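Participant: Contents are mmCIF, C-alpha atoms; file name model16.cif:
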```
data_final
loop_
_atom_site.label_atom_id
_atom_site.label_comp_id
_atom_site.auth_asym_id
_atom_site.auth_seq_id
_atom_site.Cartn_x
_atom_site.Cartn_y
_atom_site.Cartn_z
CA MET I 67 -17.25 -31.34 -80.05
CA CYS I 68 -16.04 -27.71 -79.94
CA GLY I 69 -16.55 -25.42 -82.93
CA ILE I 70 -13.64 -23.36 -84.24
CA ILE I 71 -13.32 -20.87 -87.08
CA GLY I 72 -10.66 -18.43 -88.25
CA VAL I 73 -10.26 -16.00 -91.12
CA ILE I 74 -7.43 -13.86 -92.48
CA ASP I 75 -7.57 -11.17 -95.14
CA ARG I 76 -4.18 -11.37 -96.83
CA THR I 77 -4.36 -7.70 -97.89
CA ARG I 78 -4.89 -6.61 -94.26
CA ALA I 79 -8.36 -5.30 -95.09
CA ARG I 80 -10.20 -5.15 -91.79
CA MET I 81 -13.47 -7.04 -91.24
CA ASP I 82 -16.00 -6.31 -88.52
CA GLY I 83 -17.09 -9.10 -86.19
CA SER I 84 -20.65 -9.53 -87.46
CA SER I 85 -19.96 -12.34 -89.93
CA ILE I 86 -17.80 -14.44 -87.61
CA LYS I 87 -20.48 -14.08 -84.94
CA LYS I 88 -23.02 -15.60 -87.37
CA ALA I 89 -20.61 -18.37 -88.38
CA LEU I 90 -19.81 -19.38 -84.81
CA SER I 91 -23.47 -19.30 -83.79
CA LEU I 92 -24.21 -21.74 -86.63
CA MET I 93 -22.11 -24.33 -84.76
CA ASN I 94 -24.12 -24.17 -81.52
CA GLU I 95 -24.54 -27.95 -81.55
CA ARG I 96 -20.79 -28.10 -80.96
CA GLY I 97 -21.07 -26.09 -77.74
CA SER I 98 -22.86 -26.28 -74.42
CA GLY I 99 -23.36 -22.62 -73.58
CA GLU I 100 -20.49 -22.73 -71.09
CA GLY I 101 -17.90 -20.84 -73.07
CA ALA I 102 -17.36 -18.85 -76.25
CA GLY I 103 -14.91 -16.24 -77.39
CA TYR I 104 -13.36 -14.17 -80.15
CA VAL I 105 -9.97 -12.64 -80.91
CA ALA I 106 -9.20 -10.02 -83.52
CA TYR I 107 -5.93 -8.52 -84.78
CA GLY I 108 -5.74 -4.88 -85.85
CA ILE I 109 -8.50 -3.58 -83.57
CA TYR I 110 -6.47 -1.00 -81.63
CA PRO I 111 -4.90 1.29 -84.27
CA ASP I 112 -4.99 4.22 -81.81
CA TYR I 113 -2.44 2.39 -79.61
CA PRO I 114 -0.13 0.78 -82.20
CA ASP I 115 2.91 0.59 -79.89
CA CYS I 116 1.15 -0.48 -76.68
CA TYR I 117 0.45 -3.93 -75.31
CA ALA I 118 -3.32 -4.30 -74.88
CA ILE I 119 -3.66 -6.19 -71.60
CA HIS I 120 -7.16 -7.57 -70.98
CA VAL I 121 -7.92 -8.63 -67.41
CA PHE I 122 -10.83 -10.27 -65.61
CA PHE I 123 -11.26 -8.74 -62.15
CA ASP I 124 -13.53 -10.14 -59.45
CA ASN I 125 -13.78 -6.56 -58.14
CA LEU I 126 -12.08 -3.21 -58.74
CA VAL I 127 -10.63 -2.84 -55.25
CA GLU I 128 -7.97 -5.23 -53.94
CA PRO I 129 -7.06 -7.29 -57.04
CA LYS I 130 -6.98 -4.27 -59.31
CA SER I 131 -4.80 -2.22 -56.96
CA LYS I 132 -2.31 -5.10 -56.83
CA VAL I 133 -2.26 -5.48 -60.63
CA ASP I 134 -1.80 -1.71 -61.03
CA GLU I 135 1.15 -1.88 -58.64
CA VAL I 136 2.81 -4.71 -60.55
CA LEU I 137 2.28 -3.04 -63.92
CA GLN I 138 3.60 0.31 -62.73
CA LYS I 139 6.71 -1.38 -61.37
CA TRP I 140 7.63 -2.74 -64.80
CA GLY I 141 6.30 -0.07 -67.16
CA ARG I 142 3.88 2.76 -67.89
CA ILE I 143 0.11 2.54 -68.14
CA VAL I 144 -0.74 4.76 -71.11
CA HIS I 145 -4.51 4.34 -70.75
CA GLN I 146 -6.92 2.06 -68.93
CA GLU I 147 -10.67 1.50 -68.91
CA GLU I 148 -13.39 -1.04 -68.36
CA ILE I 149 -14.05 -2.94 -71.58
CA PRO I 150 -17.48 -1.81 -72.83
CA THR I 151 -20.07 -4.53 -72.27
CA TYR I 152 -23.82 -4.76 -72.71
CA GLU I 153 -25.86 -6.89 -70.32
CA GLN I 154 -27.45 -9.99 -71.84
CA PRO I 155 -30.42 -11.82 -70.25
CA CYS I 156 -28.82 -15.25 -70.81
CA LEU I 157 -25.26 -14.37 -69.75
CA LYS I 158 -24.36 -14.05 -66.09
CA ARG I 159 -21.63 -11.48 -65.44
CA GLU I 160 -19.02 -13.18 -63.26
CA HIS I 161 -16.05 -10.84 -63.73
CA ILE I 162 -15.31 -7.25 -64.73
CA PRO I 163 -13.42 -7.14 -68.07
CA TRP I 164 -10.76 -4.39 -67.97
CA ARG I 165 -8.08 -3.29 -70.42
CA TYR I 166 -4.76 -1.53 -70.08
CA PHE I 167 -2.68 -0.03 -72.88
CA TYR I 168 0.82 -0.49 -71.60
CA LYS I 169 4.48 0.17 -72.41
CA PRO I 170 7.12 -1.81 -70.48
CA TYR I 171 10.40 -0.30 -69.32
CA THR I 172 12.70 -2.28 -71.60
CA GLU I 173 15.89 -1.15 -69.85
CA PHE I 174 14.96 -3.46 -66.96
CA ILE I 175 15.92 -6.55 -68.98
CA VAL I 176 19.53 -7.08 -70.11
CA GLY I 177 20.68 -9.66 -72.67
CA SER I 178 17.27 -10.23 -74.28
CA ASN I 179 16.48 -9.95 -77.98
CA ASN I 180 13.08 -8.49 -77.12
CA PRO I 181 12.94 -7.30 -73.51
CA ALA I 182 9.41 -5.89 -73.85
CA GLU I 183 8.00 -9.33 -74.68
CA ASP I 184 9.92 -10.95 -71.84
CA ILE I 185 8.48 -8.41 -69.40
CA ILE I 186 4.91 -8.94 -70.61
CA LYS I 187 5.30 -12.72 -70.35
CA HIS I 188 6.67 -12.30 -66.80
CA LEU I 189 3.74 -10.05 -65.86
CA VAL I 190 1.15 -12.50 -67.21
CA MET I 191 2.67 -15.41 -65.31
CA THR I 192 3.06 -13.35 -62.11
CA VAL I 193 -0.45 -11.89 -62.05
CA ASN I 194 -2.19 -15.13 -62.96
CA SER I 195 -0.33 -17.19 -60.36
CA THR I 196 -0.08 -14.76 -57.42
CA ILE I 197 -2.98 -12.25 -57.44
CA PRO I 198 -6.32 -13.90 -56.62
CA GLY I 199 -9.33 -12.27 -58.21
CA SER I 200 -7.49 -11.28 -61.38
CA LEU I 201 -6.66 -13.03 -64.64
CA ILE I 202 -4.78 -11.63 -67.63
CA PHE I 203 -6.32 -13.33 -70.66
CA SER I 204 -5.00 -11.16 -73.50
CA SER I 205 -1.61 -9.47 -73.76
CA GLY I 206 -0.60 -8.67 -77.34
CA ILE I 207 -0.06 -5.51 -79.39
CA ASN I 208 -3.03 -4.34 -81.48
CA LEU I 209 -5.12 -7.40 -80.71
CA GLY I 210 -7.75 -8.37 -78.19
CA VAL I 211 -9.47 -11.47 -76.81
CA PHE I 212 -13.13 -11.25 -75.77
CA LYS I 213 -14.58 -14.30 -74.03
CA ALA I 214 -17.01 -15.44 -71.34
CA SER I 215 -19.20 -18.34 -70.24
CA GLY I 216 -22.16 -18.32 -72.59
CA TRP I 217 -23.39 -19.07 -76.10
CA PRO I 218 -21.54 -17.46 -79.02
CA GLU I 219 -24.25 -14.93 -79.84
CA ASP I 220 -24.63 -13.89 -76.19
CA VAL I 221 -20.87 -13.44 -75.76
CA ALA I 222 -20.68 -11.51 -79.04
CA ASN I 223 -23.56 -9.26 -77.99
CA PHE I 224 -22.07 -8.82 -74.51
CA TYR I 225 -18.90 -7.33 -76.02
CA ARG I 226 -20.66 -5.98 -79.14
CA ILE I 227 -18.15 -7.77 -81.33
CA GLU I 228 -19.47 -6.19 -84.52
CA ASP I 229 -18.06 -2.84 -83.35
CA TYR I 230 -14.48 -4.13 -83.70
CA LYS I 231 -12.63 -4.42 -87.01
CA GLY I 232 -9.65 -6.69 -87.57
CA TYR I 233 -7.70 -8.33 -90.40
CA ILE I 234 -7.57 -11.68 -88.55
CA TRP I 235 -10.40 -13.20 -86.52
CA LEU I 236 -10.56 -16.46 -84.57
CA ALA I 237 -13.61 -17.71 -82.69
CA HIS I 238 -14.52 -20.71 -80.53
CA ASN I 239 -17.67 -22.38 -79.24
CA ARG I 240 -16.76 -24.55 -76.23
CA TYR I 241 -18.06 -27.91 -75.11
CA PRO I 242 -16.11 -28.54 -71.86
CA THR I 243 -15.20 -32.17 -71.22
CA ASN I 244 -12.46 -32.70 -68.63
CA THR I 245 -12.84 -29.30 -66.92
CA SER I 246 -15.83 -27.17 -65.96
CA GLY I 247 -16.84 -24.14 -67.96
CA TRP I 248 -15.67 -20.78 -66.65
CA TRP I 249 -14.70 -17.42 -68.12
CA GLY I 250 -10.96 -18.01 -68.04
CA GLY I 251 -11.37 -21.49 -69.54
CA ALA I 252 -13.19 -20.19 -72.59
CA HIS I 253 -11.16 -19.87 -75.79
CA PRO I 254 -9.23 -18.19 -77.39
CA PHE I 255 -6.12 -18.49 -75.25
CA ASN I 256 -3.50 -15.84 -75.76
CA LEU I 257 0.04 -14.91 -74.82
CA LEU I 258 1.70 -11.92 -76.49
CA ASP I 259 1.26 -12.32 -80.26
CA TRP I 260 -0.12 -15.87 -80.13
CA ALA I 261 -3.83 -16.73 -79.96
CA VAL I 262 -5.17 -20.29 -80.03
CA VAL I 263 -8.54 -22.01 -80.55
CA HIS I 264 -8.74 -25.77 -80.17
CA ASN I 265 -11.23 -28.58 -80.65
CA GLY I 266 -10.40 -31.87 -78.97
CA GLU I 267 -8.19 -33.07 -76.17
CA ILE I 268 -4.43 -32.94 -75.52
CA THR I 269 -3.83 -36.28 -73.81
CA SER I 270 -0.13 -35.46 -73.47
CA TYR I 271 -1.00 -32.38 -71.40
CA GLY I 272 0.97 -33.52 -68.34
CA THR I 273 4.19 -33.92 -70.30
CA ASN I 274 3.62 -30.73 -72.31
CA ARG I 275 2.83 -28.76 -69.15
CA SER I 276 5.98 -29.99 -67.39
CA TYR I 277 8.00 -28.98 -70.45
CA VAL I 278 6.71 -25.39 -70.66
CA GLU I 279 6.84 -24.92 -66.90
CA SER I 280 10.49 -25.99 -66.94
CA ASN I 281 10.97 -23.09 -69.36
CA GLY I 282 9.43 -20.45 -67.13
CA TYR I 283 5.70 -20.66 -67.94
CA LYS I 284 2.93 -21.27 -65.40
CA CYS I 285 -0.29 -23.06 -66.32
CA THR I 286 -3.10 -21.65 -64.18
CA MET I 287 -6.31 -21.93 -66.22
CA SER I 288 -7.17 -25.62 -65.71
CA THR I 289 -7.39 -26.53 -69.38
CA ASP I 290 -5.11 -28.25 -71.87
CA THR I 291 -5.40 -25.52 -74.51
CA GLU I 292 -3.45 -23.05 -72.39
CA VAL I 293 -0.31 -25.12 -72.90
CA VAL I 294 -0.64 -24.87 -76.70
CA ALA I 295 -0.32 -21.07 -76.54
CA TYR I 296 2.81 -21.41 -74.41
CA LEU I 297 4.32 -24.04 -76.72
CA PHE I 298 3.91 -21.71 -79.69
CA ASP I 299 5.44 -18.83 -77.75
CA LEU I 300 8.38 -20.99 -76.66
CA LEU I 301 9.11 -22.54 -80.05
CA GLY I 302 8.08 -19.57 -82.18
CA ARG I 303 9.18 -16.48 -80.29
CA ARG I 304 12.00 -17.76 -78.10
CA HIS I 305 13.42 -20.46 -80.39
CA GLY I 306 12.60 -18.68 -83.65
CA LEU I 307 10.96 -21.59 -85.50
CA PRO I 308 8.59 -20.79 -88.40
CA SER I 309 4.97 -21.94 -88.17
CA GLU I 310 5.43 -25.01 -90.38
CA MET I 311 8.33 -26.22 -88.24
CA ILE I 312 6.39 -25.65 -85.00
CA VAL I 313 3.56 -27.80 -86.36
CA GLU I 314 6.06 -30.52 -87.30
CA ALA I 315 7.41 -30.44 -83.73
CA LEU I 316 3.97 -30.56 -82.08
CA ALA I 317 2.30 -33.00 -84.51
CA PRO I 318 5.27 -34.76 -86.12
CA SER I 319 5.27 -37.35 -88.86
CA PHE I 320 5.31 -40.99 -87.79
CA TRP I 321 8.71 -42.68 -87.77
CA ASP I 322 7.81 -45.01 -90.65
CA GLU I 323 6.79 -41.99 -92.73
CA ILE I 324 10.08 -40.26 -91.95
CA ASP I 325 12.05 -43.38 -92.96
CA ILE I 326 10.98 -43.13 -96.61
CA LEU I 327 11.70 -39.41 -97.05
CA PRO I 328 14.77 -37.97 -98.82
CA GLU I 329 17.80 -37.94 -96.55
CA LYS I 330 17.87 -34.18 -95.95
CA GLU I 331 14.20 -34.12 -94.96
CA GLN I 332 14.68 -37.21 -92.80
CA LYS I 333 17.46 -35.48 -90.90
CA LEU I 334 15.38 -32.37 -90.24
CA LYS I 335 12.32 -34.27 -89.03
CA ARG I 336 14.34 -36.65 -86.88
CA THR I 337 16.12 -33.70 -85.29
CA LEU I 338 12.81 -31.98 -84.52
CA ARG I 339 11.35 -35.13 -82.96
CA LEU I 340 14.40 -35.73 -80.80
CA THR I 341 14.82 -32.08 -79.79
CA TYR I 342 11.17 -31.40 -79.05
CA GLY I 343 9.98 -34.76 -77.77
CA PRO I 344 8.31 -33.23 -74.68
CA ALA I 345 6.42 -30.78 -76.92
CA LEU I 346 4.84 -33.54 -79.03
CA MET I 347 1.06 -33.43 -78.56
CA ASN I 348 -1.01 -36.61 -78.47
CA GLY I 349 -4.76 -36.97 -78.61
CA PRO I 350 -7.55 -35.92 -80.97
CA PHE I 351 -7.28 -32.24 -81.87
CA ALA I 352 -7.85 -29.56 -84.47
CA ILE I 353 -6.12 -26.24 -83.77
CA VAL I 354 -5.97 -22.80 -85.35
CA VAL I 355 -3.26 -20.37 -84.18
CA ALA I 356 -2.98 -16.71 -85.11
CA THR I 357 -0.16 -14.18 -84.91
CA SER I 358 0.17 -10.69 -86.35
CA ASN I 359 1.93 -12.37 -89.31
CA GLY I 360 -0.86 -14.78 -90.23
CA ILE I 361 -2.69 -17.96 -89.19
CA VAL I 362 -1.94 -21.67 -89.21
CA GLY I 363 -4.36 -24.57 -88.79
CA PHE I 364 -3.54 -28.25 -88.24
CA THR I 365 -4.90 -31.48 -86.80
CA ASP I 366 -3.52 -34.49 -84.99
CA ARG I 367 -1.59 -37.04 -87.04
CA ILE I 368 -4.61 -39.20 -87.86
CA LYS I 369 -7.19 -36.38 -87.98
CA LEU I 370 -9.61 -37.39 -85.25
CA ARG I 371 -11.17 -33.92 -85.35
CA PRO I 372 -12.48 -32.16 -88.48
CA LEU I 373 -10.83 -29.21 -90.20
CA VAL I 374 -12.09 -27.56 -93.38
CA VAL I 375 -10.41 -24.82 -95.42
CA GLY I 376 -12.01 -22.25 -97.71
CA GLU I 377 -10.44 -19.64 -99.99
CA ASN I 378 -11.89 -16.68 -101.85
CA ASP I 379 -9.51 -14.11 -103.32
CA SER I 380 -7.64 -12.54 -100.37
CA ARG I 381 -9.60 -14.41 -97.69
CA LEU I 382 -8.56 -17.73 -96.14
CA TYR I 383 -10.98 -19.53 -93.81
CA ILE I 384 -10.29 -22.47 -91.47
CA SER I 385 -13.18 -24.07 -89.59
CA SER I 386 -14.69 -27.18 -88.07
CA GLU I 387 -17.50 -27.04 -90.63
CA GLU I 388 -17.93 -26.03 -94.24
CA ALA I 389 -21.34 -24.52 -93.45
CA ALA I 390 -19.77 -22.00 -91.08
CA ILE I 391 -17.39 -20.83 -93.82
CA ARG I 392 -20.28 -20.44 -96.26
CA VAL I 393 -22.20 -18.34 -93.74
CA MET I 394 -19.22 -15.97 -93.57
CA ASP I 395 -18.68 -15.99 -97.33
CA PRO I 396 -21.53 -17.37 -99.51
CA ASP I 397 -19.32 -16.83 -102.59
CA VAL I 398 -16.36 -18.83 -101.29
CA LYS I 399 -14.63 -20.34 -104.32
CA THR I 400 -12.56 -23.22 -102.97
CA ILE I 401 -13.32 -25.69 -100.18
CA TYR I 402 -11.03 -28.57 -99.22
CA MET I 403 -9.96 -30.70 -96.28
CA PRO I 404 -6.23 -30.83 -95.46
CA ARG I 405 -4.50 -34.11 -94.72
CA ALA I 406 -3.86 -35.21 -91.14
CA GLY I 407 -1.06 -33.16 -89.58
CA GLU I 408 -0.69 -30.98 -92.68
CA PRO I 409 -0.37 -27.29 -91.74
CA VAL I 410 -2.57 -24.79 -93.53
CA VAL I 411 -0.82 -21.42 -93.48
CA GLY I 412 -2.24 -18.02 -94.34
CA ARG I 413 0.20 -15.11 -94.61
CA PHE I 414 -0.15 -11.53 -95.76
CA SER I 415 0.54 -10.71 -99.40
CA GLN I 416 2.01 -7.30 -98.56
#
```
I'd like the structure from this file rewritten - as structure tokens, please.
Facilitator:
Amino acid sequence: MCGIIGVIDRTRARMDGSSIKKALSLMNERGSGEGAGYVAYGIYPDYPDCYAIHVFFDNLVEPKSKVDEVLQKWGRIVHQEEIPTYEQPCLKREHIPWRYFYKPYTEFIVGSNNPAEDIIKHLVMTVNSTIPGSLIFSSGINLGVFKASGWPEDVANFYRIEDYKGYIWLAHNRYPTNTSGWWGGAHPFNLLDWAVVHNGEITSYGTNRSYVESNGYKCTMSTDTEVVAYLFDLLGRRHGLPSEMIVEALAPSFWDEIDILPEKEQKLKRTLRLTYGPALMNGPFAIVVATSNGIVGFTDRIKLRPLVVGENDSRLYISSEEAAIRVMDPDVKTIYMPRAGEPVVGRFSQ
């Protein structure tokens, strides 16, 4: 049921959030008013070297003092503030959105290719699993997630999304099924550079969760989409796989399809299936993932959830519905539907 949409400008031209707000609101029949959210890349040019850590606090006393203590132990808080919000009559404020601009002390980690990222990942897992009343829901450089329980237009107005400008946007309108709607359960889900929106259900969640937790992640948000963000971080950042190869590991070709491929391609796909068996995702799903390098969209292997792609010059759109793309770009030139399991990749041209 959920509605998803993403856009990238391949020239890194920044777009404000007004058009994606309209597009997501068009898909209100795909939501229930219990969760919506947006993520944009390139919105914090004044802090280009800082991790932008967005946190939900139940109050600004005990949980915040504990988070401050943890952050100051592992790095330096360059700036912090409450995220500007604007009360909406149909949106009940349940948490206080706060943001830190933060630089980790990289000398604390030895033997890591990127100690700063390892520290941020450790902080996210520690805060979310040990400090009640706080939840880190966004933790990347020059990007930010904005989400809440509500309809897309109310969430967008609450954060005044149109005031932000980014070269990549993802957005999600949630229809909760197996879990209740709450602020932390709204999409997008983020860890470091990865942000995920998802329509459908990951029926292999138990296996996938055990796999990421055996690799040092902690699932605390009571929804299957959280594990997708951690799988991309594990396979993409820590194992160094490109986006197309990650998609092949998570939504691999069927064995009978692999059997008829050229030998070299057979060997690669068999190796991925055997190596990343616990990462394979089952169930009906359509997913769009963003990083600072681009976006990738894909579906399950028999496409039980819709995914539509649009292109117009430097812009690439991926959505649940063609109508949402046309609201964002009435002059869109090309519309098509990718095959089941086929990754759609948008990267920067410069």
Participant: Counting all atoms listed in the file, which residue out of I:Tyr241, I:Phe255, I:Phe203, I:Phe364 sits closest to Gly216 (chain I)?
Facilitator: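 Smallest distance to Gly216 (chain I) is found for I:Tyr241.
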Participant: Could you state which residues are captured by the PyMOL selection byres ((chain I and resi 277) around 12) in this file, as an mmCIF file with C-alpha atoms, in the coordinates of the input?
Facilitator:
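File part33.cif, as written:
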```
data_model
loop_
_atom_site.group_PDB
_atom_site.id
_atom_site.type_symbol
_atom_site.label_atom_id
_atom_site.label_comp_id
_atom_site.auth_asym_id
_atom_site.auth_seq_id
_atom_site.Cartn_x
_atom_site.Cartn_y
_atom_site.Cartn_z
ATOM 1 C CA SER I 270 -0.130 -35.460 -73.470
ATOM 2 C CA TYR I 271 -1.000 -32.380 -71.400
ATOM 3 C CA GLY I 272 0.970 -33.520 -68.340
ATOM 4 C CA THR I 273 4.190 -33.920 -70.300
ATOM 5 C CA ASN I 274 3.620 -30.730 -72.310
ATOM 6 C CA ARG I 275 2.830 -28.760 -69.150
ATOM 7 C CA SER I 276 5.980 -29.990 -67.390
ATOM 8 C CA VAL I 278 6.710 -25.390 -70.660
ATOM 9 C CA GLU I 279 6.840 -24.920 -66.900
ATOM 10 C CA SER I 280 10.490 -25.990 -66.940
ATOM 11 C CA ASN I 281 10.970 -23.090 -69.360
ATOM 12 C CA GLY I 282 9.430 -20.450 -67.130
ATOM 13 C CA TYR I 283 5.700 -20.660 -67.940
ATOM 14 C CA LYS I 284 2.930 -21.270 -65.400
ATOM 15 C CA CYS I 285 -0.290 -23.060 -66.320
ATOM 16 C CA VAL I 293 -0.310 -25.120 -72.900
ATOM 17 C CA VAL I 294 -0.640 -24.870 -76.700
ATOM 18 C CA TYR I 296 2.810 -21.410 -74.410
ATOM 19 C CA LEU I 297 4.320 -24.040 -76.720
ATOM 20 C CA LEU I 300 8.380 -20.990 -76.660
ATOM 21 C CA LEU I 301 9.110 -22.540 -80.050
ATOM 22 C CA THR I 341 14.820 -32.080 -79.790
ATOM 23 C CA TYR I 342 11.170 -31.400 -79.050
ATOM 24 C CA GLY I 343 9.980 -34.760 -77.770
ATOM 25 C CA PRO I 344 8.310 -33.230 -74.680
ATOM 26 C CA ALA I 345 6.420 -30.780 -76.920
ATOM 27 C CA LEU I 346 4.840 -33.540 -79.030
ATOM 28 C CA MET I 347 1.060 -33.430 -78.560
#
```
Participant: Kindly provide, as a PDB file with C-alpha atoms, in the coordinates of the input, the polymer residues lying within 12 Å of (4.7, -41.2, -85.8), counting all atoms listed in the file and using the coordinates exactly as they appear in the file.
Facilitator:
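Output file point.pdb follows:
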```
ATOM      1  CA  GLU I 314       6.060 -30.520 -87.300  1.00  0.00           C
ATOM      2  CA  ALA I 315       7.410 -30.440 -83.730  1.00  0.00           C
ATOM      3  CA  LEU I 316       3.970 -30.560 -82.080  1.00  0.00           C
ATOM      4  CA  ALA I 317       2.300 -33.000 -84.510  1.00  0.00           C
ATOM      5  CA  PRO I 318       5.270 -34.760 -86.120  1.00  0.00           C
ATOM      6  CA  SER I 319       5.270 -37.350 -88.860  1.00  0.00           C
ATOM      7  CA  PHE I 320       5.310 -40.990 -87.790  1.00  0.00           C
ATOM      8  CA  TRP I 321       8.710 -42.680 -87.770  1.00  0.00           C
ATOM      9  CA  ASP I 322       7.810 -45.010 -90.650  1.00  0.00           C
ATOM     10  CA  GLU I 323       6.790 -41.990 -92.730  1.00  0.00           C
ATOM     11  CA  ILE I 324      10.080 -40.260 -91.950  1.00  0.00           C
ATOM     12  CA  ASP I 325      12.050 -43.380 -92.960  1.00  0.00           C
ATOM     13  CA  LYS I 335      12.320 -34.270 -89.030  1.00  0.00           C
ATOM     14  CA  ARG I 336      14.340 -36.650 -86.880  1.00  0.00           C
ATOM     15  CA  ARG I 339      11.350 -35.130 -82.960  1.00  0.00           C
ATOM     16  CA  GLY I 343       9.980 -34.760 -77.770  1.00  0.00           C
ATOM     17  CA  LEU I 346       4.840 -33.540 -79.030  1.00  0.00           C
ATOM     18  CA  MET I 347       1.060 -33.430 -78.560  1.00  0.00           C
ATOM     19  CA  ASN I 348      -1.010 -36.610 -78.470  1.00  0.00           C
ATOM     20  CA  ASP I 366      -3.520 -34.490 -84.990  1.00  0.00           C
ATOM     21  CA  ARG I 367      -1.590 -37.040 -87.040  1.00  0.00           C
ATOM     22  CA  ILE I 368      -4.610 -39.200 -87.860  1.00  0.00           C
ATOM     23  CA  ALA I 406      -3.860 -35.210 -91.140  1.00  0.00           C
ATOM     24  CA  GLY I 407      -1.060 -33.160 -89.580  1.00  0.00           C
TER      25      GLY I 407
END
```
Participant: Pull out every residue that the PyMOL selection byres ((chain I and resi 102) around 12) matches in the shown coordinates and put them as an mmCIF file with C-alpha atoms, in the frame of the given file.
Facilitator:
```cif
data_model
loop_
_atom_site.group_PDB
_atom_site.id
_atom_site.type_symbol
_atom_site.label_atom_id
_atom_site.label_comp_id
_atom_site.auth_asym_id
_atom_site.auth_seq_id
_atom_site.Cartn_x
_atom_site.Cartn_y
_atom_site.Cartn_z
ATOM 1 C CA CYS I 68 -16.040 -27.710 -79.940
ATOM 2 C CA GLY I 69 -16.550 -25.420 -82.930
ATOM 3 C CA ILE I 70 -13.640 -23.360 -84.240
ATOM 4 C CA ILE I 71 -13.320 -20.870 -87.080
ATOM 5 C CA LYS I 87 -20.480 -14.080 -84.940
ATOM 6 C CA LEU I 90 -19.810 -19.380 -84.810
ATOM 7 C CA SER I 91 -23.470 -19.300 -83.790
ATOM 8 C CA MET I 93 -22.110 -24.330 -84.760
ATOM 9 C CA ASN I 94 -24.120 -24.170 -81.520
ATOM 10 C CA ARG I 96 -20.790 -28.100 -80.960
ATOM 11 C CA GLY I 97 -21.070 -26.090 -77.740
ATOM 12 C CA SER I 98 -22.860 -26.280 -74.420
ATOM 13 C CA GLY I 99 -23.360 -22.620 -73.580
ATOM 14 C CA GLU I 100 -20.490 -22.730 -71.090
ATOM 15 C CA GLY I 101 -17.900 -20.840 -73.070
ATOM 16 C CA GLY I 103 -14.910 -16.240 -77.390
ATOM 17 C CA TYR I 104 -13.360 -14.170 -80.150
ATOM 18 C CA VAL I 105 -9.970 -12.640 -80.910
ATOM 19 C CA LEU I 157 -25.260 -14.370 -69.750
ATOM 20 C CA VAL I 211 -9.470 -11.470 -76.810
ATOM 21 C CA PHE I 212 -13.130 -11.250 -75.770
ATOM 22 C CA LYS I 213 -14.580 -14.300 -74.030
ATOM 23 C CA ALA I 214 -17.010 -15.440 -71.340
ATOM 24 C CA SER I 215 -19.200 -18.340 -70.240
ATOM 25 C CA GLY I 216 -22.160 -18.320 -72.590
ATOM 26 C CA TRP I 217 -23.390 -19.070 -76.100
ATOM 27 C CA PRO I 218 -21.540 -17.460 -79.020
ATOM 28 C CA GLU I 219 -24.250 -14.930 -79.840
ATOM 29 C CA ASP I 220 -24.630 -13.890 -76.190
ATOM 30 C CA VAL I 221 -20.870 -13.440 -75.760
ATOM 31 C CA ALA I 222 -20.680 -11.510 -79.040
ATOM 32 C CA ASN I 223 -23.560 -9.260 -77.990
ATOM 33 C CA PHE I 224 -22.070 -8.820 -74.510
ATOM 34 C CA TYR I 225 -18.900 -7.330 -76.020
ATOM 35 C CA LEU I 236 -10.560 -16.460 -84.570
ATOM 36 C CA ALA I 237 -13.610 -17.710 -82.690
ATOM 37 C CA HIS I 238 -14.520 -20.710 -80.530
ATOM 38 C CA ASN I 239 -17.670 -22.380 -79.240
ATOM 39 C CA ARG I 240 -16.760 -24.550 -76.230
ATOM 40 C CA TYR I 241 -18.060 -27.910 -75.110
ATOM 41 C CA PRO I 242 -16.110 -28.540 -71.860
ATOM 42 C CA GLY I 247 -16.840 -24.140 -67.960
ATOM 43 C CA TRP I 248 -15.670 -20.780 -66.650
ATOM 44 C CA TRP I 249 -14.700 -17.420 -68.120
ATOM 45 C CA GLY I 250 -10.960 -18.010 -68.040
ATOM 46 C CA GLY I 251 -11.370 -21.490 -69.540
ATOM 47 C CA ALA I 252 -13.190 -20.190 -72.590
ATOM 48 C CA HIS I 253 -11.160 -19.870 -75.790
ATOM 49 C CA PRO I 254 -9.230 -18.190 -77.390
ATOM 50 C CA PHE I 255 -6.120 -18.490 -75.250
ATOM 51 C CA VAL I 263 -8.540 -22.010 -80.550
ATOM 52 C CA HIS I 264 -8.740 -25.770 -80.170
#
```
Participant: Do you know which residues are at most 10 Å from Gly360 (chain I) counting all atoms listed in the file, after dropping those on the same chain fewer than 5 positions away, and could you put them as a PDB file with C-alpha atoms, keeping the file's coordinate frame?
Facilitator:
```pdb
ATOM      1  CA  VAL I  73     -10.260 -16.000 -91.120  1.00  0.00           C
ATOM      2  CA  ILE I  74      -7.430 -13.860 -92.480  1.00  0.00           C
ATOM      3  CA  ASP I  75      -7.570 -11.170 -95.140  1.00  0.00           C
ATOM      4  CA  ARG I  76      -4.180 -11.370 -96.830  1.00  0.00           C
ATOM      5  CA  ARG I  78      -4.890  -6.610 -94.260  1.00  0.00           C
ATOM      6  CA  TYR I 107      -5.930  -8.520 -84.780  1.00  0.00           C
ATOM      7  CA  TYR I 233      -7.700  -8.330 -90.400  1.00  0.00           C
ATOM      8  CA  ILE I 234      -7.570 -11.680 -88.550  1.00  0.00           C
ATOM      9  CA  SER I 309       4.970 -21.940 -88.170  1.00  0.00           C
ATOM     10  CA  VAL I 355      -3.260 -20.370 -84.180  1.00  0.00           C
ATOM     11  CA  VAL I 411      -0.820 -21.420 -93.480  1.00  0.00           C
ATOM     12  CA  GLY I 412      -2.240 -18.020 -94.340  1.00  0.00           C
ATOM     13  CA  ARG I 413       0.200 -15.110 -94.610  1.00  0.00           C
ATOM     14  CA  PHE I 414      -0.150 -11.530 -95.760  1.00  0.00           C
TER      15      PHE I 414
END
```
